[in-house]
Amino acid sequence: MKRGALIVLEGCDRCGKSTQCRKLNEELAKSGVKTRLMSFPDRTTPVGQLINQYLQKVIEVPDKAIHLLFSANRWELEPKMNDLIKNGTTLVVDRYSYSGVAFSTAKNNMDVNWCWQMEIGLPKPDLVLFLEMNVNNADKRNGYGGERYEEKPFQRQVSEKFDKMRDSSWKMIDADKDIEAVHEQIMTYVKEVLDNVGDKPLQRFT
């Protein structure tokens, strides 16, 4: 059995990741691809519930401790991710380790190497789609400002951290375009990966 692919959508807040993840998941399902939509943080897990309280500004958690919780949330679901991919299910993931590191290192100059240590061993994506958007346009989108990190100065710092960690394998998507144009561009990259990923071993962060 060919394995599924691990496809991750990344970007700053309100760039349209969740909408595009849903559209991608639906499109793949319609075309007969076994697929599952996931998002991080997953707020339904025990750790995820603590993270949700933090993001909703109900509780305060020190910066390093909350980074560990975000990473633990990914590790909570690592066995499930492995099983699904191994059994031929393609995962469409809304945020992943890159967001964890970008958001943490945007705060108080947290060390990037320390932040990445927690991610070592997690499945490495077959495809990273980064939705680029002018941060100044983010507050025009519904719901902006409702959570802890949704402030323009902080989002600019997050954007800079993403810029430093991205490499040539990332596919850059202009998220300022309309929803359908963004979706079409995403599908072009996804089809290419699905055609080639089946015989390749799943990589891990090292």
# chains A, B, ... in the order shown; residues from 1 in each chain; ligands from 1
call {"tool": "residues_around", "arguments": {"residues": "range 103-118 of chain A", "least_positions_apart": "6", "cutoff": "12 Å", "atoms": "only C-alpha atoms", "output": "VMD selection string"}}
result
chain A and resid 10 to 13 62 to 75 95 to 97 148 to 150 153 to 165 205 to 206
call {"tool": "select_by_dssp", "arguments": {"residues": "range 35-77 of chain A", "states": "helix (DSSP H, G or I)", "output": "compact mmCIF listing (two decimals) with all heavy atoms, in the first residue's frame"}}
result
# COMPACT_ATOMS: atom_id res chain seq x y z
N PRO A 46 -6.28 16.90 25.84
CA PRO A 46 -6.01 17.46 27.17
C PRO A 46 -5.05 18.64 27.13
O PRO A 46 -5.30 19.68 27.76
CB PRO A 46 -5.42 16.27 27.93
CG PRO A 46 -6.05 15.07 27.28
CD PRO A 46 -6.13 15.42 25.82
N VAL A 47 -3.94 18.51 26.41
CA VAL A 47 -3.00 19.62 26.30
C VAL A 47 -3.61 20.77 25.50
O VAL A 47 -3.45 21.94 25.84
CB VAL A 47 -1.68 19.15 25.64
CG1 VAL A 47 -0.77 20.34 25.36
CG2 VAL A 47 -0.97 18.15 26.54
N GLY A 48 -4.34 20.42 24.45
CA GLY A 48 -4.96 21.43 23.61
C GLY A 48 -5.95 22.31 24.35
O GLY A 48 -6.11 23.49 24.03
N GLN A 49 -6.61 21.75 25.35
CA GLN A 49 -7.56 22.55 26.12
C GLN A 49 -6.84 23.62 26.94
O GLN A 49 -7.35 24.73 27.10
CB GLN A 49 -8.38 21.63 27.02
CG GLN A 49 -9.35 20.73 26.24
CD GLN A 49 -10.03 19.69 27.11
OE1 GLN A 49 -10.19 19.87 28.30
NE2 GLN A 49 -10.44 18.60 26.49
N LEU A 50 -5.66 23.29 27.45
CA LEU A 50 -4.87 24.30 28.16
C LEU A 50 -4.41 25.39 27.20
O LEU A 50 -4.45 26.58 27.53
CB LEU A 50 -3.65 23.63 28.81
CG LEU A 50 -3.88 22.79 30.06
CD1 LEU A 50 -2.60 22.08 30.46
CD2 LEU A 50 -4.39 23.67 31.20
N ILE A 51 -3.96 24.98 26.01
CA ILE A 51 -3.52 25.95 25.00
C ILE A 51 -4.67 26.88 24.62
O ILE A 51 -4.48 28.09 24.48
CB ILE A 51 -2.98 25.22 23.76
CG1 ILE A 51 -1.70 24.47 24.10
CG2 ILE A 51 -2.73 26.21 22.62
CD1 ILE A 51 -1.19 23.57 22.99
N ASN A 52 -5.86 26.32 24.48
CA ASN A 52 -7.02 27.14 24.13
C ASN A 52 -7.28 28.21 25.19
O ASN A 52 -7.56 29.37 24.86
CB ASN A 52 -8.25 26.27 23.95
CG ASN A 52 -9.45 27.06 23.48
OD1 ASN A 52 -9.43 27.70 22.44
ND2 ASN A 52 -10.52 27.05 24.28
N GLN A 53 -7.18 27.83 26.46
CA GLN A 53 -7.38 28.82 27.53
C GLN A 53 -6.32 29.92 27.46
O GLN A 53 -6.61 31.09 27.72
CB GLN A 53 -7.32 28.12 28.89
CG GLN A 53 -8.49 27.18 29.15
CD GLN A 53 -8.40 26.55 30.52
OE1 GLN A 53 -8.43 27.24 31.55
NE2 GLN A 53 -8.25 25.24 30.55
N TYR A 54 -5.11 29.53 27.11
CA TYR A 54 -4.04 30.51 26.97
C TYR A 54 -4.32 31.46 25.81
O TYR A 54 -4.21 32.69 25.95
CB TYR A 54 -2.71 29.78 26.78
CG TYR A 54 -1.56 30.68 26.38
CD1 TYR A 54 -0.90 31.45 27.34
CD2 TYR A 54 -1.14 30.77 25.06
CE1 TYR A 54 0.15 32.28 26.99
CE2 TYR A 54 -0.08 31.59 24.70
CZ TYR A 54 0.55 32.35 25.66
OH TYR A 54 1.59 33.18 25.30
N LEU A 55 -4.69 30.92 24.67
CA LEU A 55 -4.95 31.75 23.48
C LEU A 55 -6.15 32.66 23.68
O LEU A 55 -6.19 33.77 23.14
CB LEU A 55 -5.15 30.86 22.25
CG LEU A 55 -3.91 30.11 21.77
CD1 LEU A 55 -4.26 29.17 20.63
CD2 LEU A 55 -2.80 31.08 21.33
N ASP A 63 6.54 31.84 28.64
CA ASP A 63 6.80 31.61 27.21
C ASP A 63 7.36 30.23 26.92
O ASP A 63 6.92 29.55 25.99
CB ASP A 63 7.76 32.68 26.67
CG ASP A 63 7.10 34.05 26.57
OD1 ASP A 63 5.86 34.11 26.57
OD2 ASP A 63 7.83 35.06 26.50
N LYS A 64 8.37 29.80 27.67
CA LYS A 64 8.96 28.49 27.40
C LYS A 64 7.98 27.37 27.70
O LYS A 64 7.93 26.36 26.98
CB LYS A 64 10.26 28.31 28.19
CG LYS A 64 11.42 29.13 27.64
CD LYS A 64 12.72 28.75 28.30
CE LYS A 64 13.90 29.49 27.64
NZ LYS A 64 15.20 29.14 28.25
N ALA A 65 7.20 27.53 28.74
CA ALA A 65 6.23 26.50 29.10
C ALA A 65 5.16 26.37 28.03
O ALA A 65 4.75 25.25 27.67
CB ALA A 65 5.60 26.81 30.45
N ILE A 66 4.69 27.48 27.47
CA ILE A 66 3.64 27.39 26.45
C ILE A 66 4.22 26.81 25.17
O ILE A 66 3.54 26.07 24.44
CB ILE A 66 2.95 28.75 26.20
CG1 ILE A 66 1.63 28.54 25.43
CG2 ILE A 66 3.84 29.71 25.45
CD1 ILE A 66 0.60 27.72 26.14
N HIS A 67 5.50 27.09 24.88
CA HIS A 67 6.12 26.45 23.71
C HIS A 67 6.14 24.94 23.88
O HIS A 67 5.84 24.19 22.93
CB HIS A 67 7.54 26.97 23.49
CG HIS A 67 8.20 26.32 22.31
ND1 HIS A 67 7.96 26.72 21.01
CD2 HIS A 67 9.06 25.27 22.22
CE1 HIS A 67 8.65 25.95 20.17
NE2 HIS A 67 9.33 25.07 20.90
N LEU A 68 6.48 24.48 25.07
CA LEU A 68 6.49 23.04 25.33
C LEU A 68 5.10 22.44 25.18
O LEU A 68 4.95 21.32 24.70
CB LEU A 68 7.05 22.78 26.73
CG LEU A 68 8.53 23.09 26.93
CD1 LEU A 68 8.90 22.96 28.40
CD2 LEU A 68 9.40 22.17 26.09
N LEU A 69 4.08 23.18 25.59
CA LEU A 69 2.71 22.67 25.46
C LEU A 69 2.30 22.57 23.99
O LEU A 69 1.68 21.59 23.58
CB LEU A 69 1.74 23.57 26.22
CG LEU A 69 1.77 23.47 27.74
CD1 LEU A 69 0.82 24.49 28.37
CD2 LEU A 69 1.38 22.07 28.20
N PHE A 70 2.65 23.58 23.19
CA PHE A 70 2.33 23.51 21.76
C PHE A 70 3.01 22.31 21.11
O PHE A 70 2.42 21.60 20.30
CB PHE A 70 2.77 24.80 21.05
CG PHE A 70 1.74 25.89 21.05
CD1 PHE A 70 1.81 26.94 21.96
CD2 PHE A 70 0.69 25.88 20.15
CE1 PHE A 70 0.87 27.95 21.97
CE2 PHE A 70 -0.26 26.89 20.14
CZ PHE A 70 -0.18 27.93 21.05
N SER A 71 4.27 22.08 21.48
CA SER A 71 5.00 20.94 20.94
C SER A 71 4.39 19.63 21.43
O SER A 71 4.21 18.67 20.66
CB SER A 71 6.48 21.01 21.33
OG SER A 71 7.20 19.96 20.71
N ALA A 72 4.04 19.57 22.71
CA ALA A 72 3.42 18.36 23.28
C ALA A 72 2.10 18.05 22.57
O ALA A 72 1.75 16.88 22.39
CB ALA A 72 3.18 18.55 24.77
N ASN A 73 1.40 19.09 22.15
CA ASN A 73 0.14 18.90 21.42
C ASN A 73 0.38 18.17 20.10
O ASN A 73 -0.40 17.29 19.70
CB ASN A 73 -0.50 20.26 21.19
CG ASN A 73 -1.91 20.18 20.64
OD1 ASN A 73 -2.22 20.84 19.65
ND2 ASN A 73 -2.79 19.40 21.26
N ARG A 74 1.48 18.50 19.44
CA ARG A 74 1.83 17.78 18.20
C ARG A 74 2.23 16.34 18.51
O ARG A 74 1.87 15.41 17.78
CB ARG A 74 2.94 18.53 17.46
CG ARG A 74 2.47 19.86 16.86
CD ARG A 74 3.54 20.56 16.07
NE ARG A 74 4.51 21.27 16.88
CZ ARG A 74 4.34 22.50 17.37
NH1 ARG A 74 3.21 23.15 17.15
NH2 ARG A 74 5.29 23.09 18.07
N TRP A 75 2.99 16.15 19.58
CA TRP A 75 3.41 14.81 19.95
C TRP A 75 2.23 13.94 20.40
O TRP A 75 2.25 12.72 20.21
CB TRP A 75 4.49 14.86 21.03
CG TRP A 75 5.85 15.14 20.48
CD1 TRP A 75 6.55 16.32 20.54
CD2 TRP A 75 6.67 14.24 19.75
NE1 TRP A 75 7.75 16.20 19.89
CE2 TRP A 75 7.86 14.93 19.40
CE3 TRP A 75 6.52 12.91 19.36
CZ2 TRP A 75 8.89 14.33 18.69
CZ3 TRP A 75 7.55 12.31 18.65
CH2 TRP A 75 8.71 13.02 18.32
N GLU A 76 1.22 14.56 20.99
CA GLU A 76 0.01 13.81 21.36
C GLU A 76 -0.58 13.08 20.16
O GLU A 76 -1.12 11.99 20.27
CB GLU A 76 -1.07 14.77 21.89
CG GLU A 76 -0.97 15.18 23.32
CD GLU A 76 -2.15 16.06 23.70
OE1 GLU A 76 -2.31 17.15 23.12
OE2 GLU A 76 -2.92 15.64 24.59
call {"tool": "atom_distance", "arguments": {"atom1": "CA of Gln185 in chain A", "atom2": "CA of Thr35 in chain A"}}
result
19.0 Å
call {"tool": "residues_around", "arguments": {"residues": "Asp195 in chain A", "least_positions_apart": "5", "cutoff": "12 Å", "atoms": "only C-alpha atoms", "output": "compact mmCIF listing (two decimals) with C-alpha atoms, in the first residue's frame"}}
result
# COMPACT_ATOMS: atom_id res chain seq x y z
CA LYS A 2 1.29 3.45 -0.89
CA ARG A 3 1.47 5.82 2.03
CA GLY A 4 -0.38 9.09 2.25
CA ALA A 5 1.26 12.50 2.04
CA VAL A 33 -8.04 10.48 -2.28
CA ASP A 126 6.19 16.24 2.10
CA THR A 188 -1.12 22.40 -8.72
CA TYR A 189 1.55 21.74 -6.09
CA VAL A 190 -0.49 19.11 -4.24
CA LYS A 200 9.20 7.52 -0.66
call {"tool": "residues_around", "arguments": {"residues": "Leu129 in chain A", "least_positions_apart": "3", "cutoff": "7 Å", "atoms": "only C-alpha atoms", "output": "PyMOL selection string"}}
result
chain A and resi 8-10+170-173
call {"tool": "residues_around", "arguments": {"residues": "Lys34 in chain A", "least_positions_apart": "3", "cutoff": "7 Å", "atoms": "only C-alpha atoms", "output": "VMD selection string"}}
result
chain A and resid 29 88 to 90
call {"tool": "write_last_selection", "arguments": {"atoms": "N, CA and C atoms", "output": "PDB file, in the first residue's frame"}}
result
ATOM      1  N   ALA A  29     -10.963  14.649  -1.377  1.00  0.00           N
ATOM      2  CA  ALA A  29     -11.971  13.622  -1.099  1.00  0.00           C
ATOM      3  C   ALA A  29     -12.849  13.371  -2.324  1.00  0.00           C
ATOM      4  N   GLY A  88      -2.237   4.984   4.061  1.00  0.00           N
ATOM      5  CA  GLY A  88      -2.634   5.567   2.784  1.00  0.00           C
ATOM      6  C   GLY A  88      -3.470   6.819   2.851  1.00  0.00           C
ATOM      7  N   THR A  89      -3.593   7.423   4.040  1.00  0.00           N
ATOM      8  CA  THR A  89      -4.384   8.652   4.187  1.00  0.00           C
ATOM      9  C   THR A  89      -3.477   9.871   4.091  1.00  0.00           C
ATOM     10  N   THR A  90      -3.845  10.789   3.239  1.00  0.00           N
ATOM     11  CA  THR A  90      -3.120  12.052   3.114  1.00  0.00           C
ATOM     12  C   THR A  90      -3.628  13.024   4.170  1.00  0.00           C
TER      13      THR A  90
END
call {"tool": "residues_around", "arguments": {"residues": "Asn82 in chain A", "least_positions_apart": "4", "cutoff": "8 Å", "atoms": "only C-alpha atoms", "output": "list in words"}}
result
Glu78, Lys86 and Pro123 of chain A
call {"tool": "write_last_selection", "arguments": {"atoms": "C-alpha atoms", "output": "CSV table (one decimal), in the first residue's frame"}}
result
chain,number,residue,atom,x,y,z
A,78,GLU,CA,2.1,11.8,16.4
A,86,LYS,CA,1.1,4.6,6.8
A,123,PRO,CA,7.1,13.6,10.8
call {"tool": "closest_residue", "arguments": {"among": "A:Met133, A:Leu77, A:Val58, A:Val101", "to": "Met38 in chain A", "atoms": "only C-alpha atoms"}}
result
A:Leu77
